[in-house]
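These notes concern the structure reproduced below.
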Amino acid sequence: MQFNPIMKQKRLIILAILFSLTINTTYFWEGQLGFFAIVALGLLAIVFCILAIALIVQLVIGVRERFKQRIRIYNIVIISVVLALAIKKPNGVINFGRLSGKDLLIAQREGAANCMTTFKLKENNKFIERHICFGVMDISGKYKMINDTIYFTNVSSHRHAKNYYKFAVIKPSRFNSSKKDYDLVMYHNASDSIGTELWIIKNELNLVKE
């Protein structure tokens, strides 16, 4: 088979575009892959390195040939823009999380091995909980507030969401004597006397149980 340098240039452009599309749609697929999200992000890191090396090679060849090939110029420009955006906006150019509604409440909990749980209540009566721990997992659903209690409904069909919390309340943090900080305490059912505490970092619900 005869080597075709033009085809190689086009393949690099296609790879760069696919890489950019994948990075910019992370919001939609990252939380659905669980452990495999780490694998996917690792592959993206490898592709980033491949594109970076290819860019250097293209620049060197371009200088030698005095940038006579238009396709090589396109290649260099496209790869440069894609890599620059990936560095500046690693989660994508568009913040799709904001498009899903304003965050009325954000609470977090850090576990062992730097695992992190982030819980958000949106203004459109939706909630999203993201676990980052050797993978990424999202659980979502609806919520409604009755008096001082937040009830969760229509929880996503994710396999880890079968035993999700039924309700939650906001309480002054038991780790803060001044009672200026608050926790979101999540309960699996009415007989759950312990609950799971998440530290509230944003609250625009004006819902506090004294």
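Residues in the structure tokens are named by chain (A, B, ... in the order shown) and by number from 1 within that chain; ligands are numbered from 1 in the order shown.
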Shell of 12 Å around Leu18 of chain A, only C-alpha atoms, local chain residues under 3 positions omitted, as a ChimeraX atom specification: /A:11-15,21-25,44,47-48,51,78-79,82
Tell me which protein, DNA and RNA residues are within 8 Å of Asp103 of chain A, counting only C-alpha atoms, leaving out same-chain ones fewer than 6 positions away, and put them as a compact mmCIF listing (two decimals) with all heavy atoms, in the first residue's frame.
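selection-v1.txt written:
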# COMPACT_ATOMS: atom_id res chain seq x y z
N LYS A 120 -26.46 17.95 45.03
CA LYS A 120 -27.00 19.24 44.62
C LYS A 120 -28.52 19.18 44.48
O LYS A 120 -29.06 18.23 43.92
CB LYS A 120 -26.40 19.67 43.28
CG LYS A 120 -24.90 19.92 43.31
CD LYS A 120 -24.39 20.38 41.95
CE LYS A 120 -22.89 20.65 41.97
NZ LYS A 120 -22.39 21.12 40.65
N LEU A 121 -29.17 20.21 44.99
CA LEU A 121 -30.59 20.41 44.75
C LEU A 121 -30.74 21.53 43.73
O LEU A 121 -30.21 22.63 43.94
CB LEU A 121 -31.34 20.78 46.03
CG LEU A 121 -31.45 19.70 47.12
CD1 LEU A 121 -32.23 20.25 48.30
CD2 LEU A 121 -32.10 18.44 46.59
N LYS A 122 -31.44 21.27 42.63
CA LYS A 122 -31.61 22.25 41.57
C LYS A 122 -32.93 23.01 41.77
O LYS A 122 -33.85 22.54 42.45
CB LYS A 122 -31.62 21.56 40.21
CG LYS A 122 -30.33 20.81 39.89
CD LYS A 122 -29.22 21.78 39.53
CE LYS A 122 -28.00 21.07 39.01
NZ LYS A 122 -26.95 22.01 38.55
N GLU A 123 -33.04 24.16 41.12
CA GLU A 123 -34.24 24.98 41.26
C GLU A 123 -35.44 24.37 40.55
O GLU A 123 -36.57 24.75 40.79
CB GLU A 123 -33.97 26.38 40.72
CG GLU A 123 -33.65 26.44 39.24
CD GLU A 123 -33.41 27.85 38.76
OE1 GLU A 123 -33.68 28.79 39.53
OE2 GLU A 123 -32.93 28.03 37.62
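Ranking A:Ser100, A:Ser20, A:Asn125, A:Gln9 by their shortest atom-to-atom distance to Asn75 of chain A, with only C-alpha atoms included, puts A:Gln9 first.
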Need the shell around Ile76 of chain A: protein/DNA/RNA residues with any atom at most 12 Å away, counting only C-alpha atoms. Skip same-chain ones fewer than 4 positions apart. Format as a PyMOL selection string? chain A and resi 9-10+12-13+16+51-63+67+69-72+80-84
Next, dump the selected residues to file, keeping only N, CA and C atoms, as a compact mmCIF listing (two decimals), in the first residue's frame.
# COMPACT_ATOMS: atom_id res chain seq x y z
N GLN A 9 -2.64 13.26 7.49
CA GLN A 9 -3.00 14.57 8.01
C GLN A 9 -4.48 14.61 8.37
N LYS A 10 -5.31 14.05 7.48
CA LYS A 10 -6.76 14.04 7.71
C LYS A 10 -7.11 13.19 8.93
N LEU A 12 -5.29 12.71 11.57
CA LEU A 12 -4.94 13.47 12.77
C LEU A 12 -6.01 14.51 13.09
N ILE A 13 -6.54 15.15 12.05
CA ILE A 13 -7.60 16.13 12.25
C ILE A 13 -8.85 15.46 12.80
N ALA A 16 -8.31 14.61 16.43
CA ALA A 16 -8.39 15.81 17.26
C ALA A 16 -9.84 16.22 17.49
N LEU A 51 -1.61 13.52 20.51
CA LEU A 51 -1.85 14.75 19.75
C LEU A 51 -0.75 15.78 20.01
N ALA A 52 -0.27 15.85 21.26
CA ALA A 52 0.80 16.80 21.59
C ALA A 52 2.08 16.45 20.83
N ILE A 53 2.41 15.15 20.80
CA ILE A 53 3.61 14.71 20.06
C ILE A 53 3.42 14.96 18.57
N ALA A 54 2.21 14.65 18.06
CA ALA A 54 1.93 14.87 16.65
C ALA A 54 2.05 16.35 16.28
N LEU A 55 1.63 17.21 17.19
CA LEU A 55 1.71 18.66 16.93
C LEU A 55 3.17 19.09 16.80
N ILE A 56 4.01 18.59 17.69
CA ILE A 56 5.44 18.94 17.63
C ILE A 56 6.05 18.47 16.31
N VAL A 57 5.71 17.24 15.93
CA VAL A 57 6.23 16.68 14.67
C VAL A 57 5.75 17.51 13.48
N GLN A 58 4.48 17.87 13.49
CA GLN A 58 3.91 18.65 12.39
C GLN A 58 4.57 20.02 12.31
N LEU A 59 4.86 20.61 13.45
CA LEU A 59 5.51 21.92 13.46
C LEU A 59 6.92 21.83 12.89
N VAL A 60 7.64 20.79 13.28
CA VAL A 60 9.01 20.62 12.78
C VAL A 60 9.01 20.42 11.28
N ILE A 61 8.13 19.51 10.80
CA ILE A 61 8.04 19.26 9.36
C ILE A 61 7.57 20.52 8.63
N GLY A 62 6.61 21.23 9.22
CA GLY A 62 6.10 22.44 8.60
C GLY A 62 7.17 23.50 8.43
N VAL A 63 8.03 23.65 9.42
CA VAL A 63 9.13 24.63 9.33
C VAL A 63 10.09 24.23 8.23
N PHE A 67 5.96 25.50 5.45
CA PHE A 67 4.50 25.47 5.52
C PHE A 67 3.85 25.60 4.14
N GLN A 69 2.29 23.02 2.63
CA GLN A 69 1.07 22.22 2.58
C GLN A 69 -0.04 22.86 3.40
N ARG A 70 -1.13 23.21 2.74
CA ARG A 70 -2.24 23.85 3.43
C ARG A 70 -2.88 22.91 4.46
N ILE A 71 -2.96 21.61 4.11
CA ILE A 71 -3.56 20.64 5.03
C ILE A 71 -2.76 20.54 6.32
N ARG A 72 -1.43 20.71 6.22
CA ARG A 72 -0.60 20.66 7.43
C ARG A 72 -0.86 21.89 8.32
N SER A 80 -3.70 22.52 17.80
CA SER A 80 -3.29 23.53 18.79
C SER A 80 -4.50 24.04 19.57
N VAL A 81 -5.58 24.36 18.85
CA VAL A 81 -6.80 24.86 19.49
C VAL A 81 -7.41 23.80 20.41
N VAL A 82 -7.47 22.56 19.92
CA VAL A 82 -8.05 21.46 20.70
C VAL A 82 -7.26 21.23 21.99
N LEU A 83 -5.95 21.20 21.91
CA LEU A 83 -5.12 20.97 23.10
C LEU A 83 -5.20 22.16 24.07
N ALA A 84 -5.22 23.36 23.52
CA ALA A 84 -5.30 24.55 24.38
C ALA A 84 -6.62 24.56 25.16
I'd like a table as a tab-separated table: residues in segment 95-174 of chain A with an atom no more than 6 Å from segment 184-189 of chain A, each row giving the shortest atom pair and its distance in Å to one decimal, only C-alpha atoms counted, sorted by chain and rising residue number.
residue	atom	partner	partner_atom	distance
A:Tyr165	CA	A:His188	CA	4.0
A:Lys166	CA	A:His188	CA	5.1
A:Phe167	CA	A:Tyr187	CA	5.6
A:Ala168	CA	A:Met186	CA	4.3
A:Val169	CA	A:Val185	CA	5.4
A:Ile170	CA	A:Leu184	CA	4.7
Pick out the residues sitting within 12 Å of Lys126 of chain A, and hand them over as a PyMOL selection string; count only C-alpha atoms, and ignore anything fewer than 6 positions along from it in its own chain. chain A and resi 97+100-105+119-120+139-145+150-156
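Atom CA of Val136 of chain A is found 6.0 Å from atom CA of Ala37 of chain A.
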Where does DSSP see helix (DSSP H, G or I) in segment 1-176 of chain A, if you list the residues as a PyMOL selection string? chain A and resi 5-24+26-32+36-64+70-88+96-99+112-114+159-161
Please identify the strand (DSSP E or B) residues within segment 110-206 of chain A (assignment by DSSP from backbone atoms) and present them as an MDAnalysis selection string. chainID A and resid 110 116:122 126:132 136:146 149:153 167:172 182:187 196:203
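Taking atom CA of Ile201 of chain A and atom CA of Ile94 of chain A as endpoints, the distance between them is 23.3 Å.
Between Thr118 of chain A and the residues A:Ile6, A:Ile200, A:Ile17, A:Ala190, the shortest atom-to-atom distance, using only C-alpha atoms, involves A:Ile200.
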Mind giving me the straight-line distance from atom CA of Phe19 of chain A to atom CA of Phe35 of chain A in Å, one decimal? 20.2 Å
